[in-house]
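Undergrad: Please find input_17.tsv (TSV, C-alpha atoms) on the next line:
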chain	number	residue	atom	x	y	z
A	1	MET	CA	-28.75	-37.00	0.94
A	2	ALA	CA	-25.46	-38.86	1.60
A	3	SER	CA	-22.40	-37.98	-0.46
A	4	VAL	CA	-21.66	-40.37	-3.30
A	5	PHE	CA	-17.91	-39.65	-2.93
A	6	ALA	CA	-15.68	-41.71	-0.69
A	7	PRO	CA	-13.45	-39.83	1.84
A	8	GLU	CA	-10.33	-40.63	-0.22
A	9	THR	CA	-12.01	-39.22	-3.32
A	10	MET	CA	-12.94	-36.06	-1.42
A	11	LYS	CA	-9.29	-35.56	-0.38
A	12	ILE	CA	-8.12	-35.97	-3.96
A	13	GLN	CA	-10.74	-33.48	-5.17
A	14	THR	CA	-9.71	-30.97	-2.51
A	15	LYS	CA	-6.07	-31.24	-3.58
A	16	HIS	CA	-7.08	-30.76	-7.21
A	17	ILE	CA	-9.12	-27.68	-6.32
A	18	VAL	CA	-6.19	-26.17	-4.38
A	19	PHE	CA	-3.77	-27.03	-7.22
A	20	PHE	CA	-5.96	-25.48	-9.93
A	21	SER	CA	-6.62	-22.41	-7.76
A	22	ILE	CA	-2.87	-21.87	-7.41
A	23	LEU	CA	-2.41	-22.53	-11.16
A	24	ILE	CA	-5.12	-19.99	-12.06
A	25	PHE	CA	-3.51	-17.43	-9.72
A	26	PHE	CA	-0.12	-17.79	-11.41
A	27	MET	CA	-1.67	-17.75	-14.87
A	28	HIS	CA	-3.45	-14.53	-13.96
A	29	SER	CA	-0.21	-13.06	-12.57
A	30	SER	CA	1.64	-14.07	-15.74
A	31	SER	CA	-1.06	-12.40	-17.85
A	32	ILE	CA	-0.65	-9.16	-15.89
A	33	SER	CA	3.14	-9.36	-16.27
A	34	ALA	CA	2.79	-9.98	-20.00
A	35	GLN	CA	0.59	-6.91	-20.35
A	36	GLU	CA	3.13	-4.84	-18.46
A	37	VAL	CA	5.87	-6.03	-20.80
A	38	GLU	CA	3.74	-5.14	-23.81
A	39	HIS	CA	3.29	-1.64	-22.41
A	40	GLU	CA	7.01	-1.08	-21.96
A	41	ILE	CA	8.65	1.44	-24.29
A	42	GLU	CA	9.88	0.14	-27.62
A	43	PHE	CA	12.46	2.88	-28.19
A	44	ASP	CA	14.06	5.72	-26.27
A	45	TYR	CA	16.23	8.79	-26.77
A	46	THR	CA	19.11	7.87	-24.46
A	47	LYS	CA	22.52	7.82	-26.16
A	48	GLY	CA	24.19	4.46	-25.65
A	49	SER	CA	20.95	2.76	-24.59
A	50	ASP	CA	20.04	-0.61	-26.13
A	51	LYS	CA	16.89	1.15	-27.43
A	52	GLY	CA	18.56	4.45	-28.28
A	53	PRO	CA	18.47	6.36	-31.60
A	54	GLU	CA	21.64	4.71	-32.91
A	55	LEU	CA	19.92	1.31	-32.74
A	56	TRP	CA	16.33	2.09	-33.73
A	57	GLY	CA	16.80	0.47	-37.13
A	58	LYS	CA	17.93	-2.80	-35.53
A	59	LEU	CA	15.10	-3.18	-33.05
A	60	LYS	CA	12.50	-4.22	-35.64
A	61	LYS	CA	12.73	-5.19	-39.29
A	62	GLU	CA	10.06	-2.63	-40.21
A	63	TRP	CA	12.26	0.05	-38.60
A	64	GLU	CA	15.30	-0.60	-40.81
A	65	ALA	CA	15.01	2.79	-42.51
A	66	CYS	CA	16.04	4.43	-39.22
A	67	ASN	CA	19.57	3.13	-39.84
A	68	ASN	CA	19.67	2.40	-43.58
A	69	GLY	CA	17.57	5.22	-45.04
A	70	LYS	CA	19.12	7.97	-47.15
A	71	LEU	CA	16.35	10.55	-46.62
A	72	GLN	CA	16.25	10.68	-42.84
A	73	SER	CA	15.12	13.55	-40.62
A	74	PRO	CA	15.86	15.81	-38.83
A	75	ILE	CA	18.68	17.65	-40.60
A	76	ASP	CA	20.70	20.81	-40.12
A	77	LEU	CA	19.29	23.57	-42.29
A	78	THR	CA	22.63	25.06	-43.19
A	79	SER	CA	22.64	28.27	-45.24
A	80	ARG	CA	25.43	27.10	-47.55
A	81	ARG	CA	23.22	24.25	-48.81
A	82	VAL	CA	20.03	26.30	-49.17
A	83	LYS	CA	18.71	27.25	-52.60
A	84	THR	CA	16.10	30.02	-52.77
A	85	ILE	CA	13.09	28.99	-54.87
A	86	PRO	CA	10.52	31.82	-55.19
A	87	GLU	CA	8.31	29.54	-57.33
A	88	LEU	CA	7.40	27.46	-54.27
A	89	GLY	CA	4.86	30.12	-53.33
A	90	GLU	CA	3.27	30.79	-49.96
A	91	LEU	CA	2.17	27.78	-47.93
A	92	LYS	CA	-1.55	27.25	-48.52
A	93	ARG	CA	-3.23	26.53	-45.17
A	94	SER	CA	-6.96	26.00	-44.81
A	95	TYR	CA	-7.80	24.86	-41.28
A	96	LYS	CA	-11.13	24.70	-39.48
A	97	PRO	CA	-12.29	24.19	-35.85
A	98	CYS	CA	-12.59	20.53	-34.89
A	99	ASP	CA	-12.95	18.27	-31.85
A	100	ALA	CA	-9.55	17.40	-30.41
A	101	THR	CA	-8.03	14.99	-27.88
A	102	ILE	CA	-4.80	15.59	-26.00
A	103	LYS	CA	-2.66	12.50	-25.34
A	104	ASN	CA	0.45	11.69	-23.37
A	105	ARG	CA	2.08	9.07	-25.61
A	106	GLY	CA	4.99	8.56	-23.22
A	107	HIS	CA	7.57	9.87	-25.68
A	108	ASP	CA	5.68	13.12	-26.39
A	109	ILE	CA	2.53	15.17	-25.82
A	110	SER	CA	0.22	15.12	-28.85
A	111	LEU	CA	-3.01	16.80	-29.85
A	112	TYR	CA	-5.17	14.66	-32.16
A	113	PHE	CA	-8.01	16.05	-34.25
A	114	ASP	CA	-11.05	13.78	-34.24
A	115	GLY	CA	-12.63	15.00	-37.47
A	116	ASN	CA	-11.97	17.31	-40.39
A	117	ALA	CA	-9.52	19.92	-39.10
A	118	GLY	CA	-8.68	21.23	-42.56
A	119	SER	CA	-5.57	20.89	-44.65
A	120	ILE	CA	-2.55	22.31	-46.42
A	121	GLU	CA	-1.74	22.12	-50.11
A	122	VAL	CA	1.72	21.13	-51.33
A	123	ASN	CA	2.57	20.61	-55.00
A	124	ASP	CA	-1.16	20.65	-55.84
A	125	VAL	CA	-1.81	17.81	-53.39
A	126	VAL	CA	-4.12	18.26	-50.39
A	127	TYR	CA	-2.82	16.95	-47.04
A	128	ASN	CA	-5.31	16.71	-44.16
A	129	LEU	CA	-4.23	17.66	-40.64
A	130	GLN	CA	-4.12	14.67	-38.27
A	131	GLN	CA	-2.24	15.72	-35.15
A	132	VAL	CA	0.37	18.02	-33.66
A	133	HIS	CA	3.11	17.23	-31.13
A	134	TRP	CA	6.19	18.78	-29.54
A	135	HIS	CA	9.91	17.94	-29.25
A	136	SER	CA	12.43	19.58	-26.95
A	137	PRO	CA	15.02	20.66	-27.78
A	138	SER	CA	14.21	21.26	-31.44
A	139	GLU	CA	14.98	18.36	-33.75
A	140	HIS	CA	15.99	20.48	-36.74
A	141	SER	CA	18.85	22.90	-36.34
A	142	ILE	CA	19.71	26.02	-38.32
A	143	ASN	CA	23.40	26.52	-39.09
A	144	GLY	CA	24.25	24.11	-36.28
A	145	LYS	CA	22.02	25.75	-33.66
A	146	ARG	CA	19.24	23.84	-31.98
A	147	TYR	CA	16.39	25.79	-30.43
A	148	ASP	CA	14.37	25.13	-27.26
A	149	LEU	CA	11.27	23.51	-28.78
A	150	GLU	CA	9.85	22.27	-32.06
A	151	LEU	CA	6.21	21.76	-33.05
A	152	HIS	CA	5.21	19.27	-35.75
A	153	MET	CA	1.86	19.47	-37.55
A	154	VAL	CA	1.38	16.09	-39.24
A	155	HIS	CA	-0.75	15.87	-42.39
A	156	LEU	CA	-1.76	12.89	-44.56
A	157	SER	CA	-2.90	12.71	-48.17
A	158	SER	CA	-5.68	10.39	-49.33
A	159	ASP	CA	-4.82	11.02	-52.99
A	160	PRO	CA	-4.02	7.59	-54.53
A	161	ASN	CA	-1.83	9.32	-57.12
A	162	SER	CA	0.29	11.09	-54.52
A	163	LYS	CA	3.82	9.68	-54.24
A	164	ASN	CA	4.43	11.39	-50.91
A	165	LYS	CA	1.68	10.61	-48.43
A	166	ILE	CA	2.92	12.62	-45.42
A	167	ALA	CA	3.57	16.35	-45.08
A	168	VAL	CA	4.80	17.89	-41.84
A	169	VAL	CA	4.89	21.59	-40.98
A	170	GLY	CA	7.49	22.45	-38.35
A	171	GLN	CA	7.81	25.51	-36.12
A	172	LEU	CA	10.90	26.18	-33.99
A	173	TYR	CA	10.80	28.18	-30.75
A	174	LYS	CA	13.23	30.03	-28.49
A	175	ILE	CA	12.68	31.05	-24.87
A	176	GLY	CA	10.62	34.23	-24.62
A	177	LYS	CA	6.94	35.06	-24.36
A	178	PRO	CA	4.61	32.10	-23.61
A	179	ASP	CA	3.06	30.25	-26.55
A	180	PRO	CA	-0.75	30.86	-26.50
A	181	VAL	CA	-1.71	27.29	-27.46
A	182	LEU	CA	0.50	25.72	-24.79
A	183	SER	CA	-0.94	28.21	-22.28
A	184	LEU	CA	-4.39	26.89	-23.18
A	185	LEU	CA	-3.27	23.27	-22.77
A	186	SER	CA	-0.99	23.62	-19.74
A	187	LYS	CA	-3.56	22.60	-17.11
A	188	ASP	CA	-4.46	19.44	-19.02
A	189	ILE	CA	-0.79	18.57	-19.68
A	190	SER	CA	-0.11	18.98	-15.94
A	191	SER	CA	-2.89	16.50	-15.14
A	192	MET	CA	-1.18	13.72	-17.12
A	193	ILE	CA	2.39	13.97	-15.87
A	194	ASN	CA	4.22	10.63	-16.16
A	195	GLN	CA	1.13	8.66	-17.12
A	196	LYS	CA	-0.30	7.56	-20.44
A	197	HIS	CA	-3.56	9.39	-20.52
A	198	GLU	CA	-5.85	11.23	-22.88
A	199	LYS	CA	-8.55	13.85	-22.49
A	200	LYS	CA	-11.22	15.23	-24.80
A	201	MET	CA	-10.60	18.94	-25.33
A	202	GLY	CA	-13.77	19.86	-27.20
A	203	VAL	CA	-13.53	22.04	-30.30
A	204	MET	CA	-10.12	23.55	-31.04
A	205	ASN	CA	-8.97	25.67	-33.96
A	206	PRO	CA	-5.64	24.71	-35.62
A	207	ASP	CA	-5.36	28.32	-36.82
A	208	ASP	CA	-4.59	29.23	-33.20
A	209	ILE	CA	-1.19	27.62	-33.83
A	210	LYS	CA	0.61	30.62	-35.25
A	211	ILE	CA	3.07	29.93	-38.04
A	212	SER	CA	4.24	33.51	-38.41
A	213	GLY	CA	6.19	34.80	-41.37
A	214	LYS	CA	6.02	33.70	-44.99
A	215	ARG	CA	9.50	32.27	-45.51
A	216	TYR	CA	10.05	28.55	-45.03
A	217	TYR	CA	12.49	25.72	-45.72
A	218	ARG	CA	11.37	22.73	-47.79
A	219	TYR	CA	13.09	19.36	-48.18
A	220	LEU	CA	12.30	15.66	-48.52
A	221	GLY	CA	12.89	13.60	-45.40
A	222	SER	CA	11.33	11.10	-43.01
A	223	LEU	CA	9.40	10.71	-39.78
A	224	THR	CA	11.70	11.43	-36.83
A	225	VAL	CA	10.49	8.46	-34.76
A	226	PRO	CA	10.31	4.76	-35.70
A	227	PRO	CA	9.53	3.44	-38.27
A	228	CYS	CA	11.32	6.53	-39.75
A	229	THR	CA	9.17	6.33	-42.90
A	230	GLU	CA	10.77	8.22	-45.80
A	231	GLY	CA	9.18	10.41	-48.47
A	232	VAL	CA	7.90	12.98	-45.95
A	233	ILE	CA	7.61	16.53	-47.30
A	234	TRP	CA	8.97	18.89	-44.65
A	235	THR	CA	8.06	22.57	-44.41
A	236	ILE	CA	9.98	24.35	-41.64
A	237	ASN	CA	9.03	27.94	-40.86
A	238	LYS	CA	12.10	30.19	-41.02
A	239	LYS	CA	10.89	32.65	-38.41
A	240	ILE	CA	11.52	31.45	-34.86
A	241	GLY	CA	8.58	31.60	-32.44
A	242	THR	CA	8.72	32.04	-28.66
A	243	VAL	CA	7.80	29.78	-25.75
A	244	SER	CA	8.27	30.27	-22.02
A	245	LYS	CA	10.85	28.31	-20.06
A	246	GLU	CA	8.04	26.99	-17.85
A	247	GLN	CA	6.15	25.62	-20.87
A	248	VAL	CA	9.20	23.73	-22.11
A	249	GLU	CA	9.83	22.34	-18.63
A	250	LEU	CA	6.19	21.18	-18.36
A	251	LEU	CA	6.39	19.28	-21.66
A	252	ARG	CA	9.58	17.58	-20.44
A	253	GLU	CA	8.13	16.77	-17.03
A	254	ALA	CA	4.92	15.31	-18.46
A	255	VAL	CA	6.54	12.58	-20.59
A	256	HIS	CA	8.48	9.57	-19.36
A	257	ASP	CA	12.04	10.08	-18.13
A	258	TYR	CA	13.53	8.44	-21.24
A	259	ALA	CA	11.91	11.14	-23.40
A	260	GLU	CA	12.59	14.23	-21.30
A	261	PHE	CA	14.83	15.32	-24.16
A	262	ASN	CA	12.93	13.81	-27.09
A	263	ALA	CA	14.89	15.10	-30.08
A	264	ARG	CA	16.42	12.64	-32.52
A	265	PRO	CA	20.05	13.42	-33.48
A	266	VAL	CA	20.58	15.32	-36.74
A	267	GLN	CA	20.85	12.95	-39.73
A	268	PRO	CA	23.17	13.09	-42.79
A	269	LEU	CA	21.94	15.31	-45.61
A	270	ASN	CA	23.24	12.90	-48.30
A	271	ASP	CA	23.33	15.49	-51.12
A	272	ARG	CA	19.69	16.44	-50.67
A	273	GLU	CA	18.66	19.92	-51.68
A	274	ILE	CA	17.20	22.32	-49.12
A	275	HIS	CA	14.88	24.85	-50.69
A	276	LEU	CA	13.88	28.19	-49.23
A	277	TYR	CA	10.77	30.09	-50.17
A	278	SER	CA	11.40	33.81	-49.76
A	279	PRO	CA	9.04	36.33	-51.40
A	280	ASN	CA	11.79	38.96	-51.60
A	281	SER	CA	14.49	36.38	-52.56
A	282	LYS	CA	16.61	37.26	-49.54
A	283	ASN	CA	17.89	34.78	-46.99
Mind converting the file's structure to structure tokens?
TA:
Amino acid sequence: MASVFAPETMKIQTKHIVFFSILIFFMHSSSISAQEVEHEIEFDYTKGSDKGPELWGKLKKEWEACNNGKLQSPIDLTSRRVKTIPELGELKRSYKPCDATIKNRGHDISLYFDGNAGSIEVNDVVYNLQQVHWHSPSEHSINGKRYDLELHMVHLSSDPNSKNKIAVVGQLYKIGKPDPVLSLLSKDISSMINQKHEKKMGVMNPDDIKISGKRYYRYLGSLTVPPCTEGVIWTINKKIGTVSKEQVELLREAVHDYAEFNARPVQPLNDREIHLYSPNSKN
């Protein structure tokens, strides 16, 4: 059957096809570029950077607390500001084995619990364990000294009457014997160096994270990354744990270069009280 299109019409159609093919190619390229931009980091830890800690509160309106908040974390746990409160009582922990997923979030390595991993109880409020992650060096300091690593166990409350919805348990570490949990995770952390990745770990027991000793610091602060949400109840174990130099180096190598040292600078105390639970009332 003969074509119903004249030769001139065929030429015009061919040009249109070529034009739209080129247009679609560039639109596709732009879409890929846009996705890459969306995946770029929104903040970093580099002093003097245009996304550094000093400017977090100016990067987004919902991050304003990072610069304007009065209850920001981390802080220096200085002995001269600590008040011993025996009435705080021992930290009530009730964890249980649960499926977990390890993630490289770019700015840290995190272990998420995919079900009911148990809880802690603070001021008669139950806070359910959500995830744990690591910072190096430590974010909190004690009498001006920062340690080699800090673990955060992040808990949330579903109690509608609870004023403070987030409770974080912190453990500081110095170089020494390897940490058993990081030894268990080291192979999987190595497999995700410099790439956003996650892996199902099967059932893990949060009780394997040893928070040794009964004494702890307690104060009211914030998240240490944007949006720097305030009203976080912090419990920092007073006894320092140990971690190997190789384990700290692996955590630093795994994340992106901007987060190799992913500790936020110490924030002003602003007349906040730091409480210490000590069964024998000795610092």
Undergrad: Name all residues at most 7 Å from Asp108 (chain A) (count only C-alpha atoms; drop same-chain ones fewer than 5 positions away) and give them as a list of chain:residue names.
TA: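 Residues meeting the cut-off are A:His133, A:Trp134, A:Val255.
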Undergrad: Residues within 9 Å of region 178-190 of chain A, please, as a list in words. Count all atoms listed in the file; anything in the same chain fewer than 2 positions from it doesn't count.
TA: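 Non-adjacent residues within range: Ile102, Lys103, Asn104, Ile109, Ile175, Gly176, Met192, Ile193, Lys199, Met201, Asp208, Ile209, Lys210, Gly241, Thr242, Val243, Ser244, Lys245, Glu246, Gln247, Leu250, Leu251, Glu253 and Ala254 of chain A.
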Undergrad: Counting all atoms listed in the file, what is within 8 Å of region 157-162 of chain A, bar same-chain residues fewer than 2 positions away, as a PDB file with C-alpha atoms, keeping the file's coordinate frame?
TA:
ATOM      1  CA  VAL A 125      -1.810  17.810 -53.390  1.00  0.00           C
ATOM      2  CA  VAL A 126      -4.120  18.260 -50.390  1.00  0.00           C
ATOM      3  CA  TYR A 127      -2.820  16.950 -47.040  1.00  0.00           C
ATOM      4  CA  ASN A 128      -5.310  16.710 -44.160  1.00  0.00           C
ATOM      5  CA  HIS A 155      -0.750  15.870 -42.390  1.00  0.00           C
ATOM      6  CA  ASN A 164       4.430  11.390 -50.910  1.00  0.00           C
ATOM      7  CA  LYS A 165       1.680  10.610 -48.430  1.00  0.00           C
ATOM      8  CA  ILE A 166       2.920  12.620 -45.420  1.00  0.00           C
TER       9      ILE A 166
END
Undergrad: From the list A:Glu273, A:Tyr258, A:His197, A:Glu139, which residue is nearest Ser49 (chain A) when using only C-alpha atoms?
TA: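 Residue with the minimum atom-to-atom distance to Ser49 (chain A): A:Tyr258.
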Undergrad: From the set A:Leu149, A:Ile211, A:Val168, A:Val132, which residue has the shortest atom-to-atom contact distance to Gly231 (chain A), counting all atoms listed in the file?
TA: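 Closest to Gly231 (chain A) of all the choices is A:Val168.
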Undergrad: CA of Ala263 (chain A) and CA of Lys145 (chain A), how far apart in Å?
TA: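 If I compute the distance from CA of Lys145 (chain A) to CA of Ala263 (chain A), I get 13.3 Å.
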Undergrad: Have a look at A:Lys196, A:Lys163, A:His135, A:Arg93 and name the one nearest to Glu249 (chain A); count only C-alpha atoms.
TA: A:His135
Undergrad: From the structure block, carefully write region 160-183 of chain A out with C-alpha atoms; format it as an mmCIF file, in the first residue's frame.
TA:
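Output contents, as saved in result00.cif:
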data_model
loop_
_atom_site.group_PDB
_atom_site.id
_atom_site.type_symbol
_atom_site.label_atom_id
_atom_site.label_comp_id
_atom_site.auth_asym_id
_atom_site.auth_seq_id
_atom_site.Cartn_x
_atom_site.Cartn_y
_atom_site.Cartn_z
ATOM 1 C CA PRO A 160 0.399 10.580 74.594
ATOM 2 C CA ASN A 161 0.841 12.087 78.065
ATOM 3 C CA SER A 162 4.632 12.042 77.879
ATOM 4 C CA LYS A 163 6.161 15.502 77.501
ATOM 5 C CA ASN A 164 9.519 14.106 76.427
ATOM 6 C CA LYS A 165 9.149 11.667 73.550
ATOM 7 C CA ILE A 166 12.806 10.683 73.043
ATOM 8 C CA ALA A 167 15.246 9.050 75.459
ATOM 9 C CA VAL A 168 18.826 8.249 74.474
ATOM 10 C CA VAL A 169 21.259 6.038 76.368
ATOM 11 C CA GLY A 170 24.894 6.856 75.662
ATOM 12 C CA GLN A 171 28.040 4.792 76.210
ATOM 13 C CA LEU A 172 31.541 6.250 75.831
ATOM 14 C CA TYR A 173 34.574 4.150 74.859
ATOM 15 C CA LYS A 174 38.353 4.407 75.034
ATOM 16 C CA ILE A 175 40.889 2.390 73.044
ATOM 17 C CA GLY A 176 41.430 -1.046 74.560
ATOM 18 C CA LYS A 177 39.875 -4.478 74.137
ATOM 19 C CA PRO A 178 37.545 -4.880 71.108
ATOM 20 C CA ASP A 179 33.828 -4.257 71.606
ATOM 21 C CA PRO A 180 31.958 -7.595 71.152
ATOM 22 C CA VAL A 181 29.017 -6.113 69.223
ATOM 23 C CA LEU A 182 31.251 -4.269 66.755
ATOM 24 C CA SER A 183 33.268 -7.474 66.345
#
